[in-house]
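Below: start.cif (mmCIF, C-alpha atoms)
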```cif
data_start
loop_
_atom_site.label_atom_id
_atom_site.label_comp_id
_atom_site.auth_asym_id
_atom_site.auth_seq_id
_atom_site.Cartn_x
_atom_site.Cartn_y
_atom_site.Cartn_z
CA MET A 140 -67.14 2.53 -56.19
CA THR A 141 -68.54 -0.03 -58.64
CA ALA A 142 -66.35 -1.87 -61.11
CA TYR A 143 -68.05 0.02 -63.96
CA ARG A 144 -67.25 3.43 -62.50
CA LEU A 145 -63.67 2.38 -61.79
CA PHE A 146 -63.24 1.14 -65.36
CA PHE A 147 -64.84 4.34 -66.72
CA ARG A 148 -62.51 6.60 -64.73
CA LEU A 149 -59.43 4.55 -65.59
CA SER A 150 -60.32 4.68 -69.29
CA ILE A 151 -60.65 8.49 -69.11
CA LEU A 152 -57.29 8.78 -67.33
CA LEU A 153 -55.70 6.48 -69.91
CA THR A 154 -57.11 8.54 -72.77
CA ILE A 155 -55.89 11.78 -71.20
CA GLY A 156 -52.45 10.24 -70.69
CA VAL A 157 -52.21 9.01 -74.29
CA ALA A 158 -53.43 12.37 -75.65
CA ALA A 159 -50.92 14.23 -73.47
CA TYR A 160 -48.09 11.94 -74.60
CA LEU A 161 -48.99 12.37 -78.30
CA LEU A 162 -49.25 16.12 -77.85
CA TYR A 163 -45.88 16.27 -76.08
CA ARG A 164 -44.21 14.19 -78.81
CA ALA A 165 -45.68 16.43 -81.52
CA VAL A 166 -45.00 19.80 -79.88
CA SER A 167 -41.56 18.99 -78.45
CA ARG A 168 -40.10 18.97 -81.96
CA TYR A 169 -40.65 22.71 -82.25
CA SER A 170 -39.29 25.64 -80.30
CA LEU A 171 -41.50 28.19 -78.58
CA ASP A 172 -40.32 30.80 -81.10
CA GLU A 173 -41.46 28.62 -84.01
CA ILE A 174 -44.88 28.12 -82.45
CA MET A 175 -45.29 31.83 -81.69
CA GLN A 176 -44.25 32.73 -85.25
CA SER A 177 -46.83 30.30 -86.63
CA VAL A 178 -49.55 31.93 -84.53
CA GLN A 179 -48.46 35.43 -85.58
CA ALA A 180 -48.44 34.32 -89.24
CA ILE A 181 -52.23 34.07 -89.19
CA SER A 182 -53.53 37.23 -90.86
CA ALA A 183 -56.16 39.45 -89.30
CA GLY A 184 -58.55 38.56 -92.13
CA ARG A 185 -58.19 34.83 -91.49
CA LEU A 186 -58.59 35.39 -87.76
CA MET A 187 -61.77 37.44 -88.22
CA ALA A 188 -63.18 34.80 -90.57
CA ALA A 189 -62.43 32.10 -87.99
CA LEU A 190 -64.22 34.14 -85.31
CA GLY A 191 -67.18 34.55 -87.66
CA PHE A 192 -67.43 30.82 -88.31
CA ALA A 193 -67.12 30.12 -84.57
CA ALA A 194 -70.00 32.54 -83.93
CA ALA A 195 -72.04 30.80 -86.66
CA SER A 196 -71.38 27.46 -84.96
CA TYR A 197 -72.62 28.70 -81.59
CA LEU A 198 -75.68 30.14 -83.36
CA CYS A 199 -76.35 26.65 -84.75
CA LEU A 200 -75.97 25.23 -81.25
CA THR A 201 -78.84 27.43 -80.09
CA GLY A 202 -80.82 25.62 -82.77
CA PHE A 203 -80.07 22.34 -80.99
CA ASP A 204 -81.89 23.59 -77.88
CA THR A 205 -84.68 25.24 -79.89
CA LEU A 206 -85.51 21.94 -81.59
CA ALA A 207 -85.26 20.14 -78.25
CA VAL A 208 -87.75 22.51 -76.59
CA ARG A 209 -90.14 22.00 -79.53
CA TYR A 210 -89.69 18.24 -79.15
CA LEU A 211 -90.93 18.60 -75.55
CA GLY A 212 -93.97 20.51 -76.77
CA LYS A 213 -92.96 23.56 -74.71
CA ARG A 214 -92.96 27.21 -75.72
CA LEU A 215 -90.11 29.49 -74.68
CA PRO A 216 -88.87 32.74 -76.28
CA TYR A 217 -85.83 32.18 -78.48
CA ARG A 218 -83.79 34.72 -76.51
CA ARG A 219 -84.11 32.56 -73.39
CA ILE A 220 -83.19 29.37 -75.23
CA ALA A 221 -80.21 31.08 -76.87
CA LEU A 222 -78.97 32.36 -73.51
CA ALA A 223 -79.23 28.94 -71.85
CA SER A 224 -77.59 27.21 -74.82
CA PHE A 225 -74.65 29.60 -75.26
CA VAL A 226 -73.79 29.92 -71.57
CA SER A 227 -74.07 26.19 -70.87
CA LEU A 228 -72.08 25.09 -73.92
CA SER A 229 -69.39 27.78 -73.67
CA ILE A 230 -68.67 26.37 -70.20
CA GLY A 231 -69.34 22.70 -70.99
CA HIS A 232 -67.00 22.66 -73.99
CA ASN A 233 -64.09 23.67 -71.75
CA ILE A 234 -64.89 21.53 -68.70
CA GLY A 235 -65.58 18.28 -70.53
CA VAL A 236 -68.29 15.64 -69.96
CA ALA A 237 -70.60 18.17 -71.61
CA ALA A 238 -73.79 16.26 -70.85
CA LEU A 239 -73.19 16.81 -67.13
CA SER A 240 -71.37 20.15 -67.03
CA SER A 241 -73.55 21.96 -69.56
CA GLY A 242 -76.58 20.03 -68.29
CA ALA A 243 -76.21 21.52 -64.82
CA VAL A 244 -76.14 25.05 -66.25
CA ARG A 245 -79.07 24.26 -68.53
CA TYR A 246 -81.10 23.06 -65.57
CA ARG A 247 -80.29 26.28 -63.70
CA PHE A 248 -81.90 28.28 -66.50
CA TYR A 249 -84.72 26.03 -67.67
CA SER A 250 -85.98 25.15 -64.18
CA ARG A 251 -86.65 28.85 -63.61
CA TRP A 252 -88.77 28.91 -66.78
CA GLY A 253 -91.04 26.04 -65.78
CA LEU A 254 -89.21 22.96 -67.11
CA THR A 255 -88.70 19.93 -64.89
CA ALA A 256 -85.56 17.88 -64.33
CA GLY A 257 -87.02 15.23 -66.65
CA ASP A 258 -87.54 17.86 -69.36
CA VAL A 259 -83.91 19.00 -69.07
CA ALA A 260 -82.71 15.39 -69.24
CA LYS A 261 -84.66 14.96 -72.49
CA ILE A 262 -83.13 18.18 -73.85
CA ILE A 263 -79.66 16.82 -73.10
CA LEU A 264 -80.45 13.51 -74.82
CA PHE A 265 -81.98 15.29 -77.81
CA THR A 266 -79.05 17.67 -78.27
CA GLY A 267 -76.61 14.79 -77.77
CA MET A 268 -78.31 12.88 -80.59
CA THR A 269 -78.09 16.01 -82.74
CA VAL A 270 -74.33 16.06 -82.14
CA VAL A 271 -74.05 12.39 -83.15
CA LEU A 272 -76.15 12.92 -86.28
CA GLY A 273 -74.09 15.96 -87.31
CA LEU A 274 -70.81 14.13 -86.80
CA ALA A 275 -72.06 11.03 -88.61
CA THR A 276 -73.37 12.98 -91.60
CA LEU A 277 -70.48 15.38 -92.13
CA GLY A 278 -67.88 12.78 -91.14
CA GLY A 279 -69.38 10.26 -93.55
CA ILE A 280 -69.21 12.79 -96.38
CA GLY A 281 -65.60 13.65 -95.54
CA LEU A 282 -64.54 9.99 -95.29
CA LEU A 283 -66.29 9.14 -98.53
CA LEU A 284 -64.70 11.97 -100.53
CA TYR A 285 -61.21 11.93 -98.94
CA PRO A 286 -60.53 8.48 -97.46
CA GLU A 287 -56.74 8.95 -97.53
CA ASP A 288 -56.86 11.27 -94.49
CA ALA A 289 -58.71 8.71 -92.38
CA LYS A 290 -56.22 6.06 -93.55
CA VAL A 291 -53.35 8.08 -92.11
CA LEU A 292 -55.13 8.64 -88.79
CA THR A 293 -56.75 5.22 -88.26
CA SER A 294 -54.51 2.87 -90.27
CA LEU A 295 -57.67 1.34 -91.74
CA GLY A 296 -57.76 0.01 -95.26
CA PRO A 297 -59.71 1.75 -98.05
CA HIS A 298 -62.54 -0.79 -97.92
CA ALA A 299 -62.94 -0.40 -94.15
CA ILE A 300 -62.96 3.41 -94.47
CA ARG A 301 -65.57 3.28 -97.21
CA ALA A 302 -67.69 0.92 -95.11
CA LEU A 303 -67.37 3.28 -92.13
CA ALA A 304 -68.41 6.27 -94.28
CA ILE A 305 -71.45 4.43 -95.67
CA ALA A 306 -72.41 3.21 -92.18
CA SER A 307 -72.20 6.79 -90.85
CA LEU A 308 -74.47 8.14 -93.57
CA ALA A 309 -76.79 5.15 -93.28
CA PHE A 310 -77.20 5.89 -89.56
CA SER A 311 -78.62 9.34 -90.35
CA VAL A 312 -80.90 7.95 -93.05
CA LEU A 313 -82.13 5.19 -90.71
CA TYR A 314 -82.90 7.80 -88.04
CA LEU A 315 -85.08 9.68 -90.53
CA VAL A 316 -86.89 6.50 -91.59
CA LEU A 317 -87.55 5.47 -87.99
CA SER A 318 -88.88 8.95 -87.18
CA VAL A 319 -91.61 8.33 -89.78
CA PHE A 320 -92.60 4.77 -88.93
CA VAL A 321 -91.84 4.37 -85.20
CA ARG A 322 -94.26 6.52 -83.22
CA LYS A 323 -94.68 4.43 -80.07
CA PRO A 324 -92.66 5.46 -76.98
CA PHE A 325 -89.92 3.10 -75.87
CA GLY A 326 -87.93 2.82 -72.66
CA TYR A 327 -88.11 1.26 -69.22
CA GLY A 328 -90.46 2.05 -66.35
CA LYS A 329 -91.21 5.74 -66.03
CA TRP A 330 -88.45 6.66 -68.47
CA LYS A 331 -90.22 6.69 -71.81
CA LEU A 332 -88.89 8.31 -74.96
CA GLU A 333 -90.25 8.65 -78.43
CA LEU A 334 -88.52 9.58 -81.64
CA PRO A 335 -89.16 13.12 -82.86
CA PRO A 336 -91.43 13.63 -85.87
CA PHE A 337 -89.82 13.70 -89.30
CA ARG A 338 -89.55 17.50 -89.48
CA LEU A 339 -87.66 17.72 -86.19
CA ALA A 340 -85.46 14.73 -87.10
CA ALA A 341 -84.56 16.35 -90.42
CA GLY A 342 -83.89 19.59 -88.55
CA GLN A 343 -81.51 17.74 -86.22
CA ILE A 344 -79.49 16.38 -89.13
CA ALA A 345 -79.46 19.74 -90.94
CA VAL A 346 -78.46 21.93 -87.99
CA GLY A 347 -76.06 19.29 -86.60
CA THR A 348 -74.25 18.95 -89.92
CA LEU A 349 -74.19 22.72 -90.47
CA ASN A 350 -72.72 23.25 -86.99
CA PHE A 351 -69.75 20.96 -87.62
CA ALA A 352 -69.32 22.42 -91.10
CA PHE A 353 -68.88 25.84 -89.48
CA VAL A 354 -66.47 24.48 -86.85
CA ALA A 355 -64.38 22.83 -89.57
CA ALA A 356 -64.45 26.10 -91.53
CA CYS A 357 -63.16 27.91 -88.43
CA LEU A 358 -60.27 25.48 -88.15
CA TYR A 359 -59.67 25.61 -91.92
CA GLN A 360 -59.17 29.40 -91.85
CA LEU A 361 -56.43 29.02 -89.24
CA VAL A 362 -54.70 26.05 -90.86
CA ALA A 363 -54.90 27.44 -94.41
CA ALA A 364 -53.10 30.60 -93.30
CA SER A 365 -49.78 28.80 -93.67
CA THR A 366 -50.50 25.30 -95.01
CA GLU A 367 -51.81 23.98 -98.33
CA VAL A 368 -54.92 22.01 -97.35
CA ARG A 369 -58.44 21.41 -98.69
CA TYR A 370 -61.53 22.24 -96.67
CA LEU A 371 -62.86 18.66 -96.76
CA ASP A 372 -59.48 17.41 -95.53
CA VAL A 373 -60.00 19.56 -92.45
CA VAL A 374 -63.56 18.19 -92.17
CA ALA A 375 -62.24 14.63 -92.03
CA ILE A 376 -59.56 15.63 -89.50
CA TYR A 377 -61.89 17.55 -87.23
CA THR A 378 -64.78 15.08 -87.19
CA THR A 379 -62.42 12.20 -86.38
CA ALA A 380 -60.66 14.15 -83.63
CA ASN A 381 -63.92 15.51 -82.22
CA ALA A 382 -65.43 12.04 -82.06
CA ALA A 383 -62.37 10.89 -80.11
CA ALA A 384 -62.67 13.89 -77.75
CA ILE A 385 -66.38 13.18 -77.10
CA ILE A 386 -65.75 9.49 -76.42
CA SER A 387 -62.80 10.23 -74.11
CA HIS A 388 -64.55 13.03 -72.13
CA VAL A 389 -61.19 14.85 -71.95
CA PRO A 390 -61.89 18.38 -70.63
CA GLY A 391 -62.41 20.53 -73.70
CA GLY A 392 -60.84 17.76 -75.79
CA ILE A 393 -57.45 19.15 -74.71
CA GLY A 394 -54.65 17.24 -76.41
CA VAL A 395 -56.87 15.03 -78.57
CA LEU A 396 -57.68 17.67 -81.19
CA GLU A 397 -54.19 19.17 -81.15
CA ALA A 398 -52.51 15.78 -81.49
CA ALA A 399 -54.73 14.82 -84.44
CA VAL A 400 -54.20 18.13 -86.25
CA ILE A 401 -50.45 18.11 -85.69
CA TYR A 402 -50.20 14.46 -86.71
CA LEU A 403 -52.04 15.01 -89.99
CA LEU A 404 -50.57 18.45 -90.70
CA PRO A 405 -46.97 18.27 -89.46
CA GLY A 406 -45.02 21.44 -88.88
CA ALA A 407 -44.93 24.33 -86.45
CA ALA A 408 -47.63 26.10 -88.48
CA SER A 409 -50.20 23.44 -87.59
CA VAL A 410 -49.26 23.78 -83.90
CA GLY A 411 -49.98 27.49 -84.09
CA ALA A 412 -53.26 26.81 -85.92
CA ALA A 413 -54.35 24.34 -83.22
CA VAL A 414 -53.48 26.83 -80.47
CA ALA A 415 -55.32 29.65 -82.26
CA PHE A 416 -58.35 27.40 -82.80
CA ARG A 417 -58.54 26.58 -79.11
CA VAL A 418 -58.46 30.29 -78.26
CA VAL A 419 -61.05 31.24 -80.91
CA TYR A 420 -63.53 28.42 -80.42
CA PHE A 421 -63.13 27.56 -76.73
CA PHE A 422 -61.58 30.39 -74.72
CA VAL A 423 -63.28 33.41 -76.34
CA PRO A 424 -66.81 31.94 -75.85
CA LEU A 425 -65.85 30.99 -72.29
CA ALA A 426 -64.75 34.57 -71.63
CA LEU A 427 -68.23 35.68 -72.76
CA GLY A 428 -70.20 32.84 -71.19
CA LEU A 429 -68.93 33.18 -67.63
CA PRO A 430 -69.86 36.89 -67.24
CA LEU A 431 -73.23 36.16 -68.87
CA LEU A 432 -73.83 33.42 -66.31
CA LEU A 433 -73.01 35.75 -63.42
CA ILE A 434 -75.14 38.59 -64.81
CA SER A 435 -78.09 36.32 -65.54
CA GLU A 436 -77.85 34.78 -62.06
CA HIS A 437 -78.06 38.26 -60.56
CA VAL A 438 -80.94 39.37 -62.79
CA LEU A 439 -82.96 36.15 -62.46
CA ARG A 440 -82.42 36.01 -58.71
CA LYS A 441 -83.75 39.55 -58.31
CA ARG A 442 -86.71 38.67 -60.52
CA ASP A 443 -87.41 35.53 -58.48
CA GLY A 444 -87.25 37.64 -55.33
CA ARG A 445 -89.83 40.07 -56.70
CA LYS A 446 -92.13 37.20 -57.64
CA THR A 447 -91.98 35.65 -54.17
CA SER A 448 -92.68 39.02 -52.51
CA GLN A 449 -95.55 39.87 -54.88
CA PRO A 450 -98.22 37.75 -53.09
CA ASP A 451 -97.41 39.51 -49.80
CA ALA A 452 -97.84 42.87 -51.49
CA ASP A 453 -101.18 41.77 -52.94
CA ILE A 454 -102.37 40.60 -49.54
CA ALA A 455 -101.19 43.80 -47.86
CA GLY A 456 -102.92 45.89 -50.46
CA GLY A 457 -106.04 43.74 -50.42
CA ALA A 458 -107.11 44.66 -46.88
CA PRO A 459 -107.75 48.36 -47.49
CA ALA A 460 -109.55 47.57 -50.73
CA GLU A 461 -111.72 45.08 -48.89
CA ARG A 462 -112.53 47.67 -46.21
CA VAL A 463 -113.45 50.17 -48.89
CA ALA A 464 -115.76 47.66 -50.51
CA THR A 465 -117.59 46.96 -47.23
CA ARG A 466 -118.32 50.56 -46.42
#
```
Render the structure in this file as structure tokens.
Amino acid sequence: MTAYRLFFRLSILLTIGVAAYLLYRAVSRYSLDEIMQSVQAISAGRLMAALGFAAASYLCLTGFDTLAVRYLGKRLPYRRIALASFVSLSIGHNIGVAALSSGAVRYRFYSRWGLTAGDVAKIILFTGMTVVLGLATLGGIGLLLYPEDAKVLTSLGPHAIRALAIASLAFSVLYLVLSVFVRKPFGYGKWKLELPPFRLAAGQIAVGTLNFAFVAACLYQLVAASTEVRYLDVVAIYTTANAAAIISHVPGGIGVLEAAVIYLLPGAASVGAAVAFRVVYFFVPLALGLPLLLISEHVLRKRDGRKTSQPDADIAGGAPAERVATR
């Protein structure tokens, strides 16, 4: 094991340990009855709205893959892209290290539809950049409008928070500018990449920002059921916590998101909201994604089997036809 891999794994373990400790400190102040009451206090209307926003988020995520396939210059039906995107991300969000876990599932689908391993790697990089652009754009807006929330979480001063917000928004603007003026591929050896054209780059920022806006709206519905909070406050909370979860590679961000929400919104109600959010946004899609993966594996495997047996059938049927033609 190289020193880099050892350091990487130790940093992940440290992050998981810190998140678990913060979560334990936050949750241990409340009894199980208090937490259950806070979950039950969420009305059916709020819960249905949260499910709707979660569904809208996963619909946006299919847009990530759609733009990525266009970036490759490939043509695939949307239904196939949507299936690969939803199944891979519903599993990857819960396992962690999404680029690898969801990437393996993506490759399983896309390789059957004619894409190479290099194509799938580019899809993963493209969708990963879309995530970064969405976080940077929406997070920058949230930090700029409500810097006091970031001050509580990061202990940064107002000037540093403003600078971070401007830098986040400037990153998205710079990406758009570069997509117009930088058209030459860059990279090393055989690995060459080029920035997407302006229309695709703008699409990345739009769909990435809209995705996280829907996720924050999902969380907002659950938090607002029992706590006075503004939507953009939740935006600042979620984007900060989600960035920490992505950097840490904690499976499903377990502990990181909950600790951040509970820290910023103290009380048993916020614990219940965090638990409900994990069920709505992570566990419900997983419960749909796993059966879809099994069903699609069965269907695609049967279809692959028919394709491989088709040439034999053509050859078997070709002999009589040939004999008829020679008579």
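Selection by the PyMOL selection byres ((chain A and resi 263) around 9) on the present file picks out Asp204, Ala207, Ala238, Leu239, Ser241, Gly242, Arg245, Asp258, Val259, Ala260, Lys261, Ile262, Leu264, Phe265, Thr266, Gly267 and Met268 of chain A.
Applied to the file shown here, the PyMOL selection byres ((chain A and resi 247) around 10) selects Ala223, Ser227, Ser241, Gly242, Ala243, Val244, Arg245, Tyr246, Phe248, Tyr249, Ser250, Arg251, Trp252, Ala256, Val259, Leu432 and Glu436 of chain A.
Between atom CA of A:Ser311 and atom CA of A:Leu277 lies a distance of 10.3 Å.
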Ground truth for the PyMOL selection byres ((chain A and resi 353) around 12), written as a ChimeraX atom specification: /A:188-200,273,277,346-352,354-360,370-371,373-374,377-378,420
Atom CA of A:Thr201 to atom CA of A:Leu427, straight-line distance in Å: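 Between these atoms lies a distance of 15.3 Å.
Here atom CA of A:Glu367 and atom CA of A:Thr379 stand 19.9 Å from one another.
In terms of minimum interatomic distance to A:Tyr217, A:Phe203 ranks closest within A:Leu439, A:Gly342, A:Phe203, A:Ser409, counting only C-alpha atoms.
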Shell around A:Val362 at 8 Å using all atoms listed in the file, local window under 4 positions removed, as a list in words: Leu358, Thr366, Val368, Ala408, Ser409, Ala412 and Ala413 of chain A
12 Å contact set for A:Ala306, only C-alpha atoms, chain neighbours under 2 positions out, as a ChimeraX atom specification: /A:272,275-276,278-280,282-283,299-304,308-313
Top pick for closest residue to A:Arg218, considering A:Leu431, A:Ile230, A:Arg417, A:Thr205 and counting all atoms listed in the file: A:Thr205
